[in-house]
Structures are given as C-alpha cells and as structure tokens.
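**Q** Data: protein.txt, compact mmCIF, N, CA and C atoms.
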```txt
# COMPACT_ATOMS: atom_id res chain seq x y z
N MET A 1 102.57 27.63 23.65
CA MET A 1 102.43 27.06 22.32
C MET A 1 103.40 25.90 22.13
N SER A 2 104.60 25.99 22.69
CA SER A 2 105.57 24.92 22.49
C SER A 2 105.09 23.60 23.09
N THR A 3 104.32 23.65 24.19
CA THR A 3 103.77 22.44 24.77
C THR A 3 102.78 21.79 23.81
N VAL A 4 101.96 22.58 23.17
CA VAL A 4 100.98 22.07 22.22
C VAL A 4 101.69 21.44 21.02
N LEU A 5 102.78 22.03 20.59
CA LEU A 5 103.49 21.53 19.40
C LEU A 5 104.36 20.32 19.67
N SER A 6 104.62 20.01 20.92
CA SER A 6 105.55 18.92 21.22
C SER A 6 104.97 17.54 20.94
N ASN A 7 103.67 17.40 20.90
CA ASN A 7 103.02 16.12 20.63
C ASN A 7 102.00 16.32 19.52
N PHE A 8 102.09 15.53 18.46
CA PHE A 8 101.24 15.73 17.30
C PHE A 8 99.76 15.50 17.63
N ASP A 9 99.45 14.52 18.45
CA ASP A 9 98.04 14.28 18.82
C ASP A 9 97.49 15.47 19.61
N THR A 10 98.30 16.04 20.47
CA THR A 10 97.89 17.23 21.21
C THR A 10 97.65 18.39 20.26
N TRP A 11 98.51 18.53 19.27
CA TRP A 11 98.39 19.59 18.26
C TRP A 11 97.09 19.43 17.48
N LYS A 12 96.78 18.19 17.05
CA LYS A 12 95.54 17.95 16.30
C LYS A 12 94.32 18.27 17.16
N LYS A 13 94.35 17.89 18.42
CA LYS A 13 93.24 18.18 19.33
C LYS A 13 93.09 19.69 19.51
N PHE A 14 94.20 20.38 19.70
CA PHE A 14 94.20 21.83 19.85
C PHE A 14 93.57 22.49 18.61
N LEU A 15 94.01 22.07 17.42
CA LEU A 15 93.45 22.61 16.18
C LEU A 15 91.96 22.29 16.06
N GLY A 16 91.60 21.05 16.39
CA GLY A 16 90.20 20.66 16.31
C GLY A 16 89.31 21.50 17.20
N ASP A 17 89.78 21.77 18.40
CA ASP A 17 89.02 22.62 19.33
C ASP A 17 88.84 24.02 18.76
N ARG A 18 89.89 24.55 18.13
CA ARG A 18 89.81 25.89 17.55
C ARG A 18 88.90 25.93 16.33
N VAL A 19 88.94 24.88 15.52
CA VAL A 19 88.05 24.80 14.35
C VAL A 19 86.59 24.75 14.82
N GLU A 20 86.33 23.94 15.81
CA GLU A 20 84.96 23.83 16.35
C GLU A 20 84.49 25.17 16.91
N ALA A 21 85.34 25.85 17.65
CA ALA A 21 84.98 27.16 18.21
C ALA A 21 84.70 28.16 17.09
N ALA A 22 85.50 28.15 16.04
CA ALA A 22 85.29 29.07 14.92
C ALA A 22 83.95 28.80 14.24
N LYS A 23 83.61 27.53 14.06
CA LYS A 23 82.34 27.18 13.43
C LYS A 23 81.17 27.63 14.29
N LYS A 24 81.30 27.50 15.61
CA LYS A 24 80.24 27.95 16.51
C LYS A 24 80.04 29.46 16.44
N LEU A 25 81.10 30.18 16.09
CA LEU A 25 81.02 31.63 15.93
C LEU A 25 80.48 32.02 14.56
N GLY A 26 80.22 31.03 13.72
CA GLY A 26 79.66 31.30 12.40
C GLY A 26 80.69 31.51 11.30
N ILE A 27 81.92 31.19 11.57
CA ILE A 27 82.97 31.34 10.55
C ILE A 27 82.87 30.16 9.60
N ASP A 28 82.82 30.45 8.30
CA ASP A 28 82.64 29.38 7.32
C ASP A 28 83.95 28.64 7.04
N ASP A 29 83.81 27.48 6.38
CA ASP A 29 84.95 26.61 6.12
C ASP A 29 86.04 27.31 5.30
N GLU A 30 85.62 28.11 4.34
CA GLU A 30 86.61 28.81 3.49
C GLU A 30 87.46 29.76 4.31
N ALA A 31 86.84 30.50 5.21
CA ALA A 31 87.59 31.43 6.07
C ALA A 31 88.51 30.67 7.03
N ILE A 32 88.04 29.55 7.54
CA ILE A 32 88.86 28.73 8.43
C ILE A 32 90.07 28.19 7.67
N SER A 33 89.85 27.73 6.45
CA SER A 33 90.95 27.21 5.64
C SER A 33 91.96 28.30 5.30
N LYS A 34 91.47 29.51 5.04
CA LYS A 34 92.37 30.63 4.75
C LYS A 34 93.23 30.94 5.97
N LEU A 35 92.61 30.92 7.14
CA LEU A 35 93.36 31.15 8.37
C LEU A 35 94.38 30.03 8.60
N ALA A 36 93.98 28.79 8.31
CA ALA A 36 94.91 27.66 8.46
C ALA A 36 96.12 27.82 7.55
N TYR A 37 95.89 28.34 6.35
CA TYR A 37 96.99 28.60 5.42
C TYR A 37 97.93 29.65 6.00
N GLU A 38 97.38 30.71 6.55
CA GLU A 38 98.20 31.77 7.13
C GLU A 38 98.99 31.26 8.34
N ILE A 39 98.36 30.41 9.13
CA ILE A 39 99.06 29.81 10.27
C ILE A 39 100.19 28.91 9.77
N GLY A 40 99.90 28.14 8.70
CA GLY A 40 100.94 27.30 8.10
C GLY A 40 102.13 28.10 7.64
N GLU A 41 101.87 29.25 7.02
CA GLU A 41 102.96 30.14 6.57
C GLU A 41 103.78 30.62 7.77
N PHE A 42 103.09 31.01 8.84
CA PHE A 42 103.78 31.47 10.05
C PHE A 42 104.63 30.34 10.64
N LEU A 43 104.04 29.17 10.80
CA LEU A 43 104.77 28.05 11.39
C LEU A 43 105.99 27.68 10.54
N ASP A 44 105.81 27.71 9.22
CA ASP A 44 106.91 27.38 8.32
C ASP A 44 108.10 28.32 8.52
N GLN A 45 107.80 29.59 8.72
CA GLN A 45 108.86 30.59 8.82
C GLN A 45 109.43 30.75 10.23
N LYS A 46 108.62 30.48 11.25
CA LYS A 46 109.01 30.86 12.61
C LYS A 46 109.18 29.73 13.61
N VAL A 47 108.68 28.53 13.30
CA VAL A 47 108.66 27.47 14.30
C VAL A 47 109.38 26.23 13.78
N ASP A 48 110.32 25.74 14.56
CA ASP A 48 111.02 24.51 14.22
C ASP A 48 110.12 23.33 14.58
N PRO A 49 109.94 22.37 13.67
CA PRO A 49 109.10 21.20 13.98
C PRO A 49 109.60 20.49 15.25
N LYS A 50 108.64 20.07 16.08
CA LYS A 50 108.98 19.45 17.36
C LYS A 50 108.92 17.93 17.33
N ASN A 51 108.40 17.35 16.24
CA ASN A 51 108.30 15.90 16.16
C ASN A 51 108.35 15.48 14.69
N ASP A 52 108.41 14.18 14.46
CA ASP A 52 108.54 13.66 13.10
C ASP A 52 107.37 14.04 12.20
N GLU A 53 106.15 14.01 12.74
CA GLU A 53 104.98 14.35 11.93
C GLU A 53 105.04 15.80 11.46
N GLU A 54 105.39 16.69 12.36
CA GLU A 54 105.49 18.10 11.99
C GLU A 54 106.61 18.34 10.99
N ARG A 55 107.70 17.58 11.11
CA ARG A 55 108.81 17.72 10.17
C ARG A 55 108.37 17.29 8.77
N VAL A 56 107.61 16.21 8.67
CA VAL A 56 107.09 15.77 7.36
C VAL A 56 106.18 16.84 6.78
N LEU A 57 105.28 17.38 7.60
CA LEU A 57 104.39 18.44 7.12
C LEU A 57 105.18 19.65 6.63
N LYS A 58 106.22 20.03 7.36
CA LYS A 58 107.05 21.16 6.94
C LYS A 58 107.74 20.87 5.62
N GLU A 59 108.27 19.67 5.46
CA GLU A 59 108.94 19.33 4.21
C GLU A 59 107.96 19.35 3.04
N LEU A 60 106.75 18.85 3.26
CA LEU A 60 105.73 18.90 2.21
C LEU A 60 105.35 20.34 1.89
N TRP A 61 105.20 21.15 2.95
CA TRP A 61 104.86 22.57 2.78
C TRP A 61 105.95 23.27 1.95
N ASP A 62 107.19 22.96 2.27
CA ASP A 62 108.32 23.62 1.60
C ASP A 62 108.40 23.28 0.12
N VAL A 63 108.04 22.06 -0.26
CA VAL A 63 108.13 21.69 -1.68
C VAL A 63 106.85 22.02 -2.45
N GLY A 64 105.77 22.32 -1.74
CA GLY A 64 104.50 22.62 -2.39
C GLY A 64 104.44 24.03 -2.94
N ASP A 65 103.66 24.17 -4.01
CA ASP A 65 103.40 25.52 -4.50
C ASP A 65 102.21 26.10 -3.72
N ASP A 66 101.81 27.31 -4.04
CA ASP A 66 100.75 27.98 -3.28
C ASP A 66 99.45 27.17 -3.27
N SER A 67 99.08 26.61 -4.40
CA SER A 67 97.85 25.83 -4.49
C SER A 67 97.94 24.57 -3.62
N GLU A 68 99.07 23.91 -3.66
CA GLU A 68 99.25 22.70 -2.85
C GLU A 68 99.26 23.02 -1.36
N ARG A 69 99.83 24.15 -1.00
CA ARG A 69 99.83 24.56 0.40
C ARG A 69 98.41 24.86 0.88
N LYS A 70 97.61 25.46 0.03
CA LYS A 70 96.21 25.72 0.39
C LYS A 70 95.46 24.41 0.56
N THR A 71 95.77 23.43 -0.28
CA THR A 71 95.16 22.10 -0.13
C THR A 71 95.59 21.47 1.19
N MET A 72 96.87 21.58 1.52
CA MET A 72 97.34 21.05 2.80
C MET A 72 96.63 21.72 3.97
N ALA A 73 96.43 23.02 3.89
CA ALA A 73 95.74 23.75 4.96
C ALA A 73 94.31 23.22 5.11
N ARG A 74 93.61 23.03 3.98
CA ARG A 74 92.24 22.49 4.04
C ARG A 74 92.24 21.08 4.63
N LEU A 75 93.22 20.28 4.26
CA LEU A 75 93.30 18.92 4.80
C LEU A 75 93.60 18.92 6.30
N MET A 76 94.44 19.85 6.75
CA MET A 76 94.71 19.95 8.19
C MET A 76 93.45 20.36 8.95
N VAL A 77 92.63 21.23 8.36
CA VAL A 77 91.37 21.61 8.99
C VAL A 77 90.46 20.37 9.09
N LYS A 78 90.41 19.59 8.02
CA LYS A 78 89.60 18.36 8.06
C LYS A 78 90.12 17.38 9.10
N LEU A 79 91.44 17.21 9.13
CA LEU A 79 92.06 16.31 10.11
C LEU A 79 91.76 16.79 11.53
N ALA A 80 91.90 18.07 11.75
CA ALA A 80 91.61 18.64 13.07
C ALA A 80 90.15 18.46 13.45
N GLY A 81 89.27 18.59 12.47
CA GLY A 81 87.83 18.41 12.72
C GLY A 81 87.48 17.01 13.16
N ASN A 82 88.31 16.05 12.80
CA ASN A 82 88.09 14.66 13.21
C ASN A 82 88.64 14.38 14.60
N ASN A 83 89.26 15.37 15.23
CA ASN A 83 89.91 15.18 16.53
C ASN A 83 89.26 16.00 17.63
N THR A 84 88.00 16.40 17.43
CA THR A 84 87.33 17.16 18.49
C THR A 84 86.58 16.24 19.40
```
Starting from the coordinates I provided, produce the structure as structure tokens.
**A**
Amino acid sequence: MSTVLSNFDTWKKFLGDRVEAAKKLGIDDEAISKLAYEIGEFLDQKVDPKNDEERVLKELWDVGDDSERKTMARLMVKLAGNNT
C-alpha cells in the first residue's frame, strides 16, 4: 500500500481501477461513495500523507464536517473514475 500512496497519480489510478471493478460487480455509486468515505476515515487516522497532494486532502478532510467529508469522498470517486 505504501508504494501506491507514494505517488498521487499512481494512487488515482489505483482508486480508478478499484472503482471500475466495483461497478462491474454491480455496486452502485452510492455504495462506492460510502466505502470511499470509510477509506478516507481510515487513511485520516492511520496513514501519514506521502506527498503534497495527499497532505492537502488530509488538511481539507480534517477541517471538514461529516457532510463535507462525504462530498470529498464522492469527488475522489469521480476523480478516480477519470483515471481508469
């Protein structure tokens, strides 16, 4: 996982591949976004950002309320979807 997190473009590609795989399994966008939110919570608590982009995302996550964090998760899913 640390290799994937070390480069933001690699991270976006990794996420995009996982989003695409989930959609092929029939998982809807709402469920994918919910999972992205849960992953965001995990990363916020357990993983130190490895690059400037991830640090900005963490800082935004930290200042956001629950609704804003859910919006960020949905936006990350959209961003990842553009990187498949």
**Q** What is the distance, in Å and to one decimal place, between atom C of A:Gly16 and atom N of A:Asp28?
**A** 14.2 Å
**Q** Would you please work out which residue, of A:Glu59, A:Glu54, A:Asp65, A:Asp29, is nearest to A:Asn7 when using only N, CA and C atoms?
**A**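 Closest candidate: A:Glu54.
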**Q** Taking (94.4, 24.5, 8.6) in the file's own coordinates, collect the residues within 7 Å, counting only C-alpha atoms, and hand them back as a ChimeraX atom specification.
**A** /A:32-33,35-37,73-77
**Q** In Å to one decimal, how far is atom CA of A:Gln45 from atom CA of A:Leu79?
**A**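 Computing the Euclidean distance for atom CA of A:Leu79 and atom CA of A:Gln45 yields 22.1 Å.
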**Q** Assuming 6 Å of padding per side, give the centre and edge lengths of the axis-aligned box around every listed atom of stretch 6-15 of chain A, in Å to one decimal and as lines of an AutoDock Vina configuration file.
**A**
```
center_x = 98.8
center_y = 18.4
center_z = 18.6
size_x = 25.6
size_y = 20.3
size_z = 17.2
```
**Q** How would you write, as a count of residues only, the set of residues in chain A that DSSP gives as alpha helix (DSSP H)?
**A** 67
**Q** Pick the closest to A:Trp61 from A:Leu43, A:Ala21, A:Leu15, A:Ala31: which is it, counting only C-alpha atoms?
**A** A:Leu43
**Q** Quick one: distance from atom C of A:Lys58 to atom N of A:Asp9 in Å, one decimal?
**A**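 About the pair atom C of A:Lys58 and atom N of A:Asp9: they are 16.5 Å apart.
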**Q** With distances taken over only C-alpha atoms, which of A:Lys24, A:Leu60, A:Glu68, A:Ala80 is nearest to A:Trp11?
**A**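 For A:Trp11, the nearest of the given residues is A:Ala80.
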**Q** Can you put N, CA, C and O atoms back into stretch 3-25 of chain A and show it as a CSV table (one decimal), in the frame of the given file?
**A**
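Produced file out25.csv, reproduced below:
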```csv
chain,number,residue,atom,x,y,z
A,3,THR,N,104.3,23.6,24.2
A,3,THR,CA,103.8,22.4,24.8
A,3,THR,C,102.8,21.8,23.8
A,3,THR,O,102.8,20.6,23.6
A,4,VAL,N,102.0,22.6,23.2
A,4,VAL,CA,101.0,22.1,22.2
A,4,VAL,C,101.7,21.4,21.0
A,4,VAL,O,101.3,20.4,20.5
A,5,LEU,N,102.8,22.0,20.6
A,5,LEU,CA,103.5,21.5,19.4
A,5,LEU,C,104.4,20.3,19.7
A,5,LEU,O,104.8,19.7,18.7
A,6,SER,N,104.6,20.0,20.9
A,6,SER,CA,105.6,18.9,21.2
A,6,SER,C,105.0,17.5,20.9
A,6,SER,O,105.7,16.6,20.7
A,7,ASN,N,103.7,17.4,20.9
A,7,ASN,CA,103.0,16.1,20.6
A,7,ASN,C,102.0,16.3,19.5
A,7,ASN,O,101.1,17.2,19.6
A,8,PHE,N,102.1,15.5,18.5
A,8,PHE,CA,101.2,15.7,17.3
A,8,PHE,C,99.8,15.5,17.6
A,8,PHE,O,98.9,16.2,17.1
A,9,ASP,N,99.4,14.5,18.4
A,9,ASP,CA,98.0,14.3,18.8
A,9,ASP,C,97.5,15.5,19.6
A,9,ASP,O,96.3,15.9,19.4
A,10,THR,N,98.3,16.0,20.5
A,10,THR,CA,97.9,17.2,21.2
A,10,THR,C,97.6,18.4,20.3
A,10,THR,O,96.7,19.1,20.4
A,11,TRP,N,98.5,18.5,19.3
A,11,TRP,CA,98.4,19.6,18.3
A,11,TRP,C,97.1,19.4,17.5
A,11,TRP,O,96.4,20.4,17.3
A,12,LYS,N,96.8,18.2,17.0
A,12,LYS,CA,95.5,18.0,16.3
A,12,LYS,C,94.3,18.3,17.2
A,12,LYS,O,93.4,18.9,16.7
A,13,LYS,N,94.4,17.9,18.4
A,13,LYS,CA,93.2,18.2,19.3
A,13,LYS,C,93.1,19.7,19.5
A,13,LYS,O,92.0,20.2,19.5
A,14,PHE,N,94.2,20.4,19.7
A,14,PHE,CA,94.2,21.8,19.8
A,14,PHE,C,93.6,22.5,18.6
A,14,PHE,O,92.7,23.3,18.7
A,15,LEU,N,94.0,22.1,17.4
A,15,LEU,CA,93.4,22.6,16.2
A,15,LEU,C,92.0,22.3,16.1
A,15,LEU,O,91.2,23.1,15.7
A,16,GLY,N,91.6,21.0,16.4
A,16,GLY,CA,90.2,20.7,16.3
A,16,GLY,C,89.3,21.5,17.2
A,16,GLY,O,88.2,21.9,16.8
A,17,ASP,N,89.8,21.8,18.4
A,17,ASP,CA,89.0,22.6,19.3
A,17,ASP,C,88.8,24.0,18.8
A,17,ASP,O,87.8,24.6,18.9
A,18,ARG,N,89.9,24.6,18.1
A,18,ARG,CA,89.8,25.9,17.6
A,18,ARG,C,88.9,25.9,16.3
A,18,ARG,O,88.2,26.9,16.1
A,19,VAL,N,88.9,24.9,15.5
A,19,VAL,CA,88.0,24.8,14.4
A,19,VAL,C,86.6,24.8,14.8
A,19,VAL,O,85.7,25.5,14.3
A,20,GLU,N,86.3,23.9,15.8
A,20,GLU,CA,85.0,23.8,16.4
A,20,GLU,C,84.5,25.2,16.9
A,20,GLU,O,83.4,25.6,16.7
A,21,ALA,N,85.3,25.8,17.6
A,21,ALA,CA,85.0,27.2,18.2
A,21,ALA,C,84.7,28.2,17.1
A,21,ALA,O,83.7,28.9,17.2
A,22,ALA,N,85.5,28.2,16.0
A,22,ALA,CA,85.3,29.1,14.9
A,22,ALA,C,84.0,28.8,14.2
A,22,ALA,O,83.2,29.7,13.9
A,23,LYS,N,83.6,27.5,14.1
A,23,LYS,CA,82.3,27.2,13.4
A,23,LYS,C,81.2,27.6,14.3
A,23,LYS,O,80.2,28.1,13.8
A,24,LYS,N,81.3,27.5,15.6
A,24,LYS,CA,80.2,28.0,16.5
A,24,LYS,C,80.0,29.5,16.4
A,24,LYS,O,79.0,30.0,16.7
A,25,LEU,N,81.1,30.2,16.1
A,25,LEU,CA,81.0,31.6,15.9
A,25,LEU,C,80.5,32.0,14.6
A,25,LEU,O,80.3,33.2,14.3
```
